[in-house]
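Colleague: Below: one structure in structure tokens.
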2 protein chains.
Amino acid sequence: MSELLNGQRRSLMCGDVSTEHIGKELTLMGWVHRRRDLGGLIFLQLRDRSGIVQIVFDTDVCAKSLLEKASTIKLEYVISVSGKVRRRVGNNVNPNMKTGEVELVAEDLKILSEADTTPFSIGDDGANEALRLKYRYLDLRRPDLQQNLVVRSKIYQITRNYLTENGFIEVETPMLGKSTPEGARDYLVPSRIRKGSFYALPQSPQLYKQLLMIGGIDRYFQIAKCFRDEDLRANRQPEFTQIDLEMSFVDQEEEVMTLTEGLLVEMFKKIRGVDLPEHFLRLPWTECMDRFGSDKPDLRFGMEIQNLDDTVKDSAFAVFSNALKQGGTVRAIVLKQGADKLSRKELDKLAEFVKTYKAKGLAWYGLGKEGTKCSFAKAVSEEELHSIAKALSMEQGDIAFFVASDWQTAVVSLGALRCHLASKFELYCEGDFACLWVVDFPLFEYSEEEGRFVAMHHPFTSPKNEDLQYMKTDPARVRAKAYDVVINGDEMGGGSMRIYNRDVQKLMFETLGFSDEQIADRFGFFVDAFKYGTPPHGGLALGLDRLVMVLTGSTNIKDVIAFPKMQNASDMMSDAPSPVEDKQLKELSILCEEHDD
Amino acid sequence: MSELLNGQRRSLMCGDVSTEHIGKELTLMGWVHRRRDLGGLIFLQLRDRSGIVQIVFDTDVCAKSLLEKASTIKLEYVISVSGKVRRRVGNNVNPNMKTGEVELVAEDLKILSEADTTPFSIGDDGANEALRLKYRYLDLRRPDLQQNLVVRSKIYQITRNYLTENGFIEVETPMLGKSTPEGARDYLVPSRIRKGSFYALPQSPQLYKQLLMIGGIDRYFQIAKCFRDEDLRANRQPEFTQIDLEMSFVDQEEEVMTLTEGLLVEMFKKIRGVDLPEHFLRLPWTECMDRFGSDKPDLRFGMEIQNLDDTVKDSAFAVFSNALKQGGTVRAIVLKQGADKLSRKELDKLAEFVKTYKAKGLAWYGLGKEGTKCSFAKAVSEEELHSIAKALSMEQGDIAFFVASDWQTAVVSLGALRCHLASKFELYCEGDFACLWVVDFPLFEYSEEEGRFVAMHHPFTSPKNEDLQYMKTDPARVRAKAYDVVINGDEMGGGSMRIYNRDVQKLMFETLGFSDEQIADRFGFFVDAFKYGTPPHGGLALGLDRLVMVLTGSTNIKDVIAFPKMQNASDMMSDAPSPVEDKQLKELSILCEEHDD
């Protein structure tokens with residue numbers, strides 16, 4: 001039978017008991033984490049959010065009845081124990097435990113809540129994930145998961161305090177907004193009052209934050225829930241969280257980037273004790289693609305993509321020379337000291353790997369201990385190989401990989417291979433952090449699917465002043481005042497300076513191929529807003545879930561969210577989404593179509 | 001033609017210019033708030049979030065071309081002006097303006113954004129509300145609205161810092177949850193993947209926060225968006241914000257109340273400079289109803305409801321004596337010095353007023369300058385009137401109002417009349433704050449509509465330990481460990497200690513008349529969670545929108561929300577909710593029923 005607490009108070013949390021409490025009477029409360037029954041002596045480990053402390057029931061000290069009561073305790077019972085703290089001696093000291101030098105000698109015990117056998121052992125992160133998600137409230141008892149949520153909470157507070165100190169105001173924007181077909185798929189919310197109409201949950205507070213600038217709020221931020229109804233890739237969630245900000249009376253990317261650097265520096269210092277550089281590297285998008293084959297390069301390691309065009313332009317190896325003749329390029333990366341680490345079979349696998357990035361093949365050339373090995377040795381002279389090695393600054397033991405194709409395919413496939421090899425050969429440490437800004441993105445990208453230019457970021461991104469002249473004649477050439485912040489090869493967020501000039505906005509929509517009617521229909525009230533005095537402004541959004549992952553070293557997004565959803569966007573615990581009562585649908589005047597599943 | 005900012009930076013914000021800047025070169029940016037053109041001299045008021053500063057274009061100082069450019073400026077243009085600050089002299093000094101002692105003498109000007117004539121004058125809060133909501137981004141330029149958002153942001157930060165300092169962790173709970181028919185109507189979100197199934201937007205994070213306690217998070221808080229699809233009364237919004245918290249290892253109301261008092265004391269001090277009492281009055285619900293006829297009494301004034309049963313039990317006035325004979329009661333309130341302030345016509349109106357609260361009538365008796373006046377004078381003796389006046393401690397000039405009926409009707413109608421009179425005769429000052437806790441609520445209330453007891457708060461509220469014995473036999477008698485915090489007659493929030501004992505929870509559901517199937521269907525996974533060790537816990541939610549209203553002295557909830565909705569839950573600005581594309585509905589496998597409007 002469980003007992004009632006009846007106003008009893010705990011003295012402090014389990015993990016906070018220390019040698020300074022020796023001799024003191026304390027009341028501790030928590031979950032029973034481990035138990036050992038040695039007859040006249042029972043040891044319990046008592047756990048709460050702060051840690052674990054040892055409790056001992058000893059008939060030398062306590063009544064026999066108390067020992068008997070203690071012997072009924074099972075794992076995960078919630079108890080309250082009062083007693084005196086004493087120093088542990090001899091073998092009993094546990095140097096691996098924060099509280100390992102002390103224990104509480106129980107004099108009184110309340111069993112507050114009994115526990116059935118849990119469906120998996122608490123703290124076992126190896127148990128089946130679906131099972132752990134179904135009983136998420138039990139998995140949340142896992143100390144590392146709790147620690148992640150503690151870090152997440154600290155990140156919220158650091159962010160808010162930093163931005164508030166910098167003159168930003170936190171403003172909540174609506175969750176029930178208007179559906180705008182631009183972008184990803186919306187989650188819709190049927191209106192009961194306006195039959196046949198729907199709200200949309202926000203994919204981002206983009207429009208609202210710009211309207212706040214037009215409204216004179218000057219500096220806005222919000223830690224905002226955003227929604228995208230997409231088929232989920234790994235480490236994506238249908239609802240996710242962004243640190244969202246916008247500031248007025250600036251028109252240079254630099255001002256938002258500097259501010260953001262300050263925030264990230266503070267975050268990494270306070271959470272990880274790591275000093276990030278005050279000023280991150282800025283890499284123009286074209287250079288970034290050229291050197292790393294990615295717009296989110298991992299700079300924890302080198303292995304940059306090198307251009308071999310000059311060296312191989314007259315190569316006897318037709319794959320190289322033909323690529324160049326067709327207007328393509330030959331690019332290479334060098335894995336230092338990798339020549340003897342890769343078997344023929346592994347090299348073949350790497351060739352398969354780059355093919356998933358559209359490369360037709362992968363050539364390689366290694367300077368191994370037992371001589372050179374080269375996939376195109378038969379086609380070329382010793383001399384040509386030497387000149388390639390020289391061009392690539394290869395040393396004994398290195399191996400080079402080559403892709404010959406159009407520029408895009410060459411850099412992207414080698415960029416992917418670069419990361420693959422770095423991971424395989426552990427070319428970086430888990431505690432390393434390499435941050436950079438990717439800048440000067442193209443404003444547009446051509447969508448084969450839609451047969452038109454689409455906005456690379458979104459249609460409110462400002463072109464670079466000096467590229468305005470190409471908007472009509474050569475959209476592909478126009479660069480954006482846009483920037484992404486990248487840490488360890490992951491995009492942490494990005495933003496842009498916004499268009500504040502009506503004419504530029506109109507030009508933008510025209511280039512995107514929106515008719516006046518479409519503009520009016522989709523963005524009408526927003527475009528109208530620019531008519532009444534719009535300040536220059538720009539901003540950024542950081543992916544909070546992703547930041548927490550980086551800062552906690554988590555590889556699974558579910559480990560940084562209290563109640564995450566599965567890949568199919570369902571919640572194992574509550575079984576949402578679920579059927580609702582007919583009455584509810586009737587009130588909304590909606591019907592569900594017949595379906596088979 | 002508007003110009004580009006081209007990296008120019010503002011020196012400081014408009015409202016921050018002061019005498020310390022005299023002689024300094026500054027660049028200021030903002031909206032043109034007022035303009036006065038005196039020929040060779042143009043005065044502008046430049047406005048941003050921080051305030052307004054005067055700019056002067058003077059041909060004695062600037063080039064004629066600059067004056068010409070300045071003369072093209074219209075209201076709400078966004079400009080950047082550089083020049084030197086000088087002291088205003090003579091008549092030009094404006095003591096009503098924060099920056100009234102200085103002005104900027106313009107030497108350079110950029111017109112960053114032109115403005116059409118705005119549909120209403122900026123700052124005119126008298127303009128049509130629908131129009132102001134349609135152009136919310138313009139209405140947001142109104143300084144008092146911006147100030148409300150600044151206060152709101154401060155409240156967020158004060159709350160988070162206070163709770164974080166008290167060991168609370170901020171945790172985000174899901175927006176896409178499960179529909180639970182208990183409570184108000186849910187907003188539903190159709191699932192694309194699980195056809196025919198729906199998510200529900202949360203009415204509160206209640207279940208999740210309790211699961212966090214079961215998960216060992218110990219102390220949780222969140223500033224949470226909540227949703228209710230109800231027909232909106234005044235000052236309600238379909239989406240609203242709560243300061244939500246929960247704490248473990250406590251089972252007394254006192255612990256949550258004390259913590260909350262600390263938060264409110266800090267908030268009122270920092271925002272308003274007001275010292276609230278450290279400890280608010282606690283009033284049991286029954287006493288509260290008896291003395292004030294309300295569970296959210298306004299204690300800024302007295303006029304308590306008095307019981308006249310003993311005095312009038314043998315009254316010659318049949319209305320009084322009959323009420324008592326039928327088991328009812330006679331209650332009264334006294335409006336001090338009100339006898340000569342109310343005409344006969346006004347007294348009749350008051351009688352109509354109490355009828356809307358089900359009272360059959362209102363009797364009155366005043367000791368006016370020109371003699372007594374009494375609605376039941378003909379029925380009673382002079383002597384009886386004297387004894388009534390004595391019982392009510394009436395003095396010359398006072399007037400008493402009487403309702404004779406069942407207890408509920410008597411106290412509720414007089415309670416409403418009490419507030420009505422206090423408002424009419426301004427018995428309190430706008431800057432007064434009277435806070436209290438209402439405690440010892442009934443656990444259940446009987447719903448005539450449903451023919452069963454329903455939970456007065458929600459079905460997880462703990463009964464008082466000493467009342468557990470009446471759960472089965474006399475539910476109406478069971479008091480809850482529940483508490484509401486009331487300021488100036490408005491409920492600011494409330495909470496309760498939760499049931500942590502499985503058996504009590506089961507008893508609760510039984511009393512509410514839920515079948516095992518219904519329990520499993522509605523709360524199944526939640527009730528299951530209690531099986532594995534549940535700590536004693538309790539919490540509270542504060543209505544943030546309402547708090548901001550109190551702290552800013554706003555009477556309209558729309559004035560404390562950046563983008564509020566109309567009474568019909570629509571957004572005038574974006575016109576959400578709106579029809580969506582057929583493709584979107586098809587993907588969700590839902591159909592809209594035919595309708596006429």
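Residue numbers start at 1 in each chain; chains themselves are named A, B, ... in the order of the structure tokens; ligands are numbered from 1 in the order shown.
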Can you tell me which residues surround region 545-559 of chain B at a distance of at most 8 Å, considering only C-alpha atoms, apart from same-chain residues fewer than 2 positions away, and format the answer as a VMD selection string?
Modeller: chain B and resid 145 148 151 to 152 155 235 to 236 240 to 242 268 271 to 272 430 492 542 to 543 561 to 565
Colleague: Find the residues around Thr19 (chain A) up to 10 Å (only C-alpha atoms counted), leave out those fewer than 6 positions away in its own chain, and share them as a list in words.
Modeller: Val85, Arg86, Arg87, Arg88, Thr99, Gly100, Glu101, Val102 and Glu103 of chain A
Colleague: Region 292-382 of chain A: which residues are strand (DSSP E) by DSSP, as a PyMOL selection string?
Modeller: chain A and resi 306-307+329-335+363-368+371-374
Colleague: Write the residues you've just listed into a file as a PDB file, in the first residue's frame, and include N, CA, C and O atoms for each of them.
Modeller:
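Generated output (result.pdb):
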ATOM      1  N   GLN A 306      40.527  19.254 -55.536  1.00  0.00           N
ATOM      2  CA  GLN A 306      41.522  19.971 -56.323  1.00  0.00           C
ATOM      3  C   GLN A 306      41.183  19.873 -57.808  1.00  0.00           C
ATOM      4  O   GLN A 306      40.623  18.886 -58.278  1.00  0.00           O
ATOM      5  N   ASN A 307      41.545  20.916 -58.522  1.00  0.00           N
ATOM      6  CA  ASN A 307      41.261  21.016 -59.951  1.00  0.00           C
ATOM      7  C   ASN A 307      42.479  20.514 -60.736  1.00  0.00           C
ATOM      8  O   ASN A 307      43.574  21.047 -60.608  1.00  0.00           O
ATOM      9  N   THR A 329      35.222  18.777 -66.364  1.00  0.00           N
ATOM     10  CA  THR A 329      36.380  19.037 -65.527  1.00  0.00           C
ATOM     11  C   THR A 329      36.852  17.734 -64.883  1.00  0.00           C
ATOM     12  O   THR A 329      36.102  16.749 -64.830  1.00  0.00           O
ATOM     13  N   VAL A 330      38.089  17.732 -64.429  1.00  0.00           N
ATOM     14  CA  VAL A 330      38.606  16.590 -63.660  1.00  0.00           C
ATOM     15  C   VAL A 330      39.008  17.097 -62.288  1.00  0.00           C
ATOM     16  O   VAL A 330      39.802  18.017 -62.162  1.00  0.00           O
ATOM     17  N   ARG A 331      38.388  16.514 -61.272  1.00  0.00           N
ATOM     18  CA  ARG A 331      38.664  16.943 -59.896  1.00  0.00           C
ATOM     19  C   ARG A 331      39.151  15.768 -59.079  1.00  0.00           C
ATOM     20  O   ARG A 331      38.857  14.609 -59.394  1.00  0.00           O
ATOM     21  N   ALA A 332      39.899  16.083 -58.021  1.00  0.00           N
ATOM     22  CA  ALA A 332      40.455  14.997 -57.216  1.00  0.00           C
ATOM     23  C   ALA A 332      40.487  15.380 -55.744  1.00  0.00           C
ATOM     24  O   ALA A 332      40.520  16.566 -55.396  1.00  0.00           O
ATOM     25  N   ILE A 333      40.440  14.369 -54.888  1.00  0.00           N
ATOM     26  CA  ILE A 333      40.754  14.582 -53.467  1.00  0.00           C
ATOM     27  C   ILE A 333      41.835  13.588 -53.089  1.00  0.00           C
ATOM     28  O   ILE A 333      41.959  12.516 -53.702  1.00  0.00           O
ATOM     29  N   VAL A 334      42.628  13.949 -52.089  1.00  0.00           N
ATOM     30  CA  VAL A 334      43.717  13.080 -51.640  1.00  0.00           C
ATOM     31  C   VAL A 334      43.467  12.654 -50.201  1.00  0.00           C
ATOM     32  O   VAL A 334      43.300  13.509 -49.322  1.00  0.00           O
ATOM     33  N   LEU A 335      43.397  11.359 -49.988  1.00  0.00           N
ATOM     34  CA  LEU A 335      43.318  10.825 -48.620  1.00  0.00           C
ATOM     35  C   LEU A 335      44.737  10.570 -48.151  1.00  0.00           C
ATOM     36  O   LEU A 335      45.430   9.682 -48.674  1.00  0.00           O
ATOM     37  N   ALA A 363      38.105   7.144 -60.444  1.00  0.00           N
ATOM     38  CA  ALA A 363      39.476   6.681 -60.685  1.00  0.00           C
ATOM     39  C   ALA A 363      40.288   6.892 -59.422  1.00  0.00           C
ATOM     40  O   ALA A 363      39.957   7.755 -58.612  1.00  0.00           O
ATOM     41  N   TRP A 364      41.281   6.058 -59.214  1.00  0.00           N
ATOM     42  CA  TRP A 364      42.111   6.237 -58.017  1.00  0.00           C
ATOM     43  C   TRP A 364      43.566   5.936 -58.339  1.00  0.00           C
ATOM     44  O   TRP A 364      43.896   5.217 -59.283  1.00  0.00           O
ATOM     45  N   TYR A 365      44.426   6.484 -57.503  1.00  0.00           N
ATOM     46  CA  TYR A 365      45.864   6.365 -57.733  1.00  0.00           C
ATOM     47  C   TYR A 365      46.539   6.513 -56.369  1.00  0.00           C
ATOM     48  O   TYR A 365      46.507   7.570 -55.744  1.00  0.00           O
ATOM     49  N   GLY A 366      47.128   5.401 -55.885  1.00  0.00           N
ATOM     50  CA  GLY A 366      47.720   5.405 -54.552  1.00  0.00           C
ATOM     51  C   GLY A 366      49.204   5.117 -54.568  1.00  0.00           C
ATOM     52  O   GLY A 366      49.696   4.352 -55.403  1.00  0.00           O
ATOM     53  N   LEU A 367      49.916   5.748 -53.638  1.00  0.00           N
ATOM     54  CA  LEU A 367      51.356   5.522 -53.501  1.00  0.00           C
ATOM     55  C   LEU A 367      51.589   4.625 -52.304  1.00  0.00           C
ATOM     56  O   LEU A 367      51.995   5.058 -51.233  1.00  0.00           O
ATOM     57  N   GLY A 368      51.260   3.329 -52.461  1.00  0.00           N
ATOM     58  CA  GLY A 368      51.318   2.388 -51.339  1.00  0.00           C
ATOM     59  C   GLY A 368      52.726   1.908 -51.046  1.00  0.00           C
ATOM     60  O   GLY A 368      53.654   2.131 -51.818  1.00  0.00           O
ATOM     61  N   GLY A 371      54.381  -0.276 -53.698  1.00  0.00           N
ATOM     62  CA  GLY A 371      54.322   0.310 -55.037  1.00  0.00           C
ATOM     63  C   GLY A 371      53.024   1.041 -55.285  1.00  0.00           C
ATOM     64  O   GLY A 371      52.097   0.990 -54.477  1.00  0.00           O
ATOM     65  N   THR A 372      52.970   1.732 -56.389  1.00  0.00           N
ATOM     66  CA  THR A 372      51.759   2.470 -56.723  1.00  0.00           C
ATOM     67  C   THR A 372      50.679   1.504 -57.168  1.00  0.00           C
ATOM     68  O   THR A 372      50.949   0.414 -57.654  1.00  0.00           O
ATOM     69  N   LYS A 373      49.429   1.910 -56.942  1.00  0.00           N
ATOM     70  CA  LYS A 373      48.314   1.204 -57.550  1.00  0.00           C
ATOM     71  C   LYS A 373      47.413   2.264 -58.153  1.00  0.00           C
ATOM     72  O   LYS A 373      47.186   3.313 -57.554  1.00  0.00           O
ATOM     73  N   CYS A 374      46.911   1.963 -59.328  1.00  0.00           N
ATOM     74  CA  CYS A 374      46.205   3.012 -60.053  1.00  0.00           C
ATOM     75  C   CYS A 374      45.178   2.369 -60.972  1.00  0.00           C
ATOM     76  O   CYS A 374      45.476   1.444 -61.720  1.00  0.00           O
TER      77      CYS A 374
END
Colleague: For a quick check of understanding, using only C-alpha atoms, which of B:Ser65, B:Asn322, B:Ser578, B:Thr258 has the smallest distance to chain A?
Modeller: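 For chain A, the nearest of the given residues is B:Ser578.
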